[in-house]
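Student: Structure incoming, see below.
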Amino acid sequence: MQIAIGILVNIAVFLALSVGGGLLSAAYMIDAGSFLSTRQTGPWQTWAIAGRIDADPYTRAHMIRAGLMPVTPLQATTWRATRDSSGRQLHSACEYLIVTKQFDAEWWDLAVFDSAGRPIANAADRHAFNSGTVMREPDGSAIITLARDARPGNWLPTAGGGAVTLMLTIQDPSYGAALDSGRVKPLPEITRVACP
Amino acid sequence: MTINTTMPLAVRPTRPSRIRERMKVSAWLARVHWQTMVAAVLLGGVIHIACTLGLATFGRNPTFERLRGELPANRAVVLPPGDARVAAVPYLAPDMQYAMCRYDLSAGPVTLQASLPDPGWSLTVHTPQGDNFYAISAAKDKPTSLTFEITWTTDPPVRGDGIASDATATRLNSPTPQGLVIVRAPLRGLAWSGLIQTELAATQCQPTARQAPAR
């Protein structure tokens with residue numbers, strides 16, 4: 001009896017550790033990424049070689065699992081943020097400021113999505129700003145407010161989105177080259193202003 | 001006996017039943033051989049690698065599978081703002097307008113014509129798995145016009161970074177017989193929507209016309 005229990009315990013531990021550990025670690029590395037496949041600057045994360053035909057298996061698996069059609073980083077770098085600069089989850093109930101100071105990309109686009117990557121429906125039908133549509137301050141910077149209710153200036157509505165994701169697309173060869181060489185250029189901070 | 005929650009855990013009295021449970025679990029775990037642990041970690045590593053490689057090699061991109069049924073083959077389609085086919089692609093910038101062409105090279109090459117008139121415009125060509133094997137953005141100072149033939153060959157078409165190995169090439173070798181061309185045009189405001197739609201409508205994607213052999 002004791003021997004049988006011992007064998008059963010060994011089998012249970014073996015299966016839990018091998019199957020559970022193997023599947024969970026693969027899912028984590030594919031969904032969240034790691035230092036092997038992603039780069040991080042502040043709250044922004046990018047899959048460093050997403051879209052390239054010689055991308056590593058984790059990056060390729062991530063693209064397929066998420067259903068993405070990414071642009072190769074030398075043409076455009078795509079950064080996603082699910083947390084603010086203090087590391088707290090971005091949520092539609094809170095208000096955030098994004099200031100593009102010392103951000104000199106040739107062309108950029110900042111869009112807000114729900115956690116599944118869909119635009120958040122809102123009465124203003126506004127989901128993004130780009131370097132051509134954003135209103136600028138006298139010094140050339142831009143202040144974008146992410147909030148549920150209307151705000152003056154560059155307001156991006158987040159009504160009822162729950163957890164939100166910001167996506168910053170940059171078309172500027174210098175940003176792609178910097179990423180390629182491992183030197184990531186600074187990106188705008190995401191500051192939480194208020195949260196009920 | 002009352003339990004004071006401000007007491008440190010170490011001196012807090014523990015219920016006898018909980019102690020018995022812990023002893024049971026630790027007695028069970030003591031029966032696990034180190035060989036079992038090593039074998040489990042090794043098999044876990046094999047499962048991890050098999051899952052990752054399997055998905056990366058044989059996985060199908062659900063976005064392309066959805067668009068396969070919704071976009072006609074070898075024809076450029078301009079998608080109006082808010083179109084469901086745009087929303088089908090996760091994280092596709094919503095302040096842009098798009099033209100897409102799902103190409104199928106099984107019957108022969110396809111000729112693609114497009115122009116990228118302003119900064120922010122770009123053209124990307126993807127495999128059904130989502131790999132972006134060719135990409136070009138609008139030049140900063142002048143409009144960019146493109147005409148090239150997409151063919152299917154097993155030769156490596158471009159460098160790994162998605163840049164054509166021959167920048168003046170008029171032929172683009174696709175690594176797969178099917179794929180998707182996306183032309184992205186940033187919307188500078190609603191007033192520009194009509195103009196951008198007209199410019200996107202100039203995108204052409206059609207089977208290459210072959211000249212009849214001379215007699």
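For the structure tokens, the naming scheme is as follows: chains receive sequential letters (A, B, ...) according to their order of presentation, residues are indexed from 1 within each chain, and ligands are indexed from 1 in presentation order.
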Sorted by chain and rising residue number, list the residues of chain A at most 7 Å from chain B (counting only C-alpha atoms), each with its closest atom pair and distance in Å to one decimal, as a Markdown table.
Tutor:
```
| residue | atom | partner | partner_atom | distance |
| --- | --- | --- | --- | --- |
| A:Gly6 | CA | B:Arg31 | CA | 5.7 |
| A:Val9 | CA | B:Val32 | CA | 6.7 |
| A:Asn10 | CA | B:Val32 | CA | 5.2 |
| A:Phe14 | CA | B:Ala40 | CA | 4.9 |
| A:Leu17 | CA | B:Ala40 | CA | 5.7 |
| A:Ser18 | CA | B:Gly44 | CA | 3.8 |
| A:Val19 | CA | B:Gly44 | CA | 5.8 |
| A:Gly21 | CA | B:Gly44 | CA | 5.8 |
| A:Gly22 | CA | B:Gly44 | CA | 4.1 |
| A:Leu23 | CA | B:His48 | CA | 5.9 |
| A:Ser25 | CA | B:His48 | CA | 6.7 |
| A:Ala26 | CA | B:His48 | CA | 5.0 |
| A:Gly51 | CA | B:Asp131 | CA | 4.6 |
| A:Arg52 | CA | B:Asp161 | CA | 5.3 |
| A:Ile53 | CA | B:Gly160 | CA | 5.4 |
| A:Asp54 | CA | B:Gly160 | CA | 5.1 |
| A:Pro57 | CA | B:Ala56 | CA | 5.4 |
| A:Tyr58 | CA | B:Thr52 | CA | 6.3 |
| A:Arg60 | CA | B:Ala56 | CA | 5.1 |
| A:Ala61 | CA | B:Ala56 | CA | 4.3 |
| A:Met63 | CA | B:Gly130 | CA | 6.9 |
| A:Ile64 | CA | B:Asn61 | CA | 4.6 |
| A:Arg65 | CA | B:Asn61 | CA | 6.9 |
| A:Gly67 | CA | B:Thr63 | CA | 5.1 |
| A:Leu68 | CA | B:Pro90 | CA | 6.1 |
| A:Met69 | CA | B:Gly130 | CA | 4.8 |
| A:Pro70 | CA | B:Asn132 | CA | 6.6 |
| A:Val71 | CA | B:Asn132 | CA | 5.9 |
| A:Thr72 | CA | B:Asn132 | CA | 6.0 |
| A:Gln75 | CA | B:Ala135 | CA | 6.7 |
| A:Trp107 | CA | B:Gly120 | CA | 6.2 |
| A:Ala111 | CA | B:Ala93 | CA | 6.3 |
| A:Gly117 | CA | B:Pro90 | CA | 4.8 |
| A:Arg118 | CA | B:Pro90 | CA | 6.1 |
| A:Pro119 | CA | B:Pro94 | CA | 6.8 |
| A:His127 | CA | B:Pro94 | CA | 6.2 |
| A:Ala128 | CA | B:Asp95 | CA | 5.8 |
| A:Gly132 | CA | B:Arg188 | CA | 6.0 |
| A:Thr133 | CA | B:Arg188 | CA | 5.5 |
| A:Gln171 | CA | B:Gly120 | CA | 7.0 |
```
Student: From the list A:Asp31, A:Glu95, A:Glu189, A:Asp104, which residue is nearest A:Leu156 when using only C-alpha atoms?
Tutor: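 Ranking A:Asp31, A:Glu95, A:Glu189, A:Asp104 by distance to A:Leu156, first place goes to A:Glu95.
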Student: From a DSSP calculation on the backbone, collect every residue of stretch 19-116 of chain A in helix (DSSP H, G or I) and output the set as a ChimeraX atom specification.
Tutor: /A:19-31,57-66
Student: If you run DSSP on the backbone here, which positions in stretch 6-214 of chain B get strand (DSSP E)? Please write them as a ChimeraX atom specification.
Tutor: /B:76-79,96-104,110-116,122-126,132-137,144-152,171-174,178-186,204-207
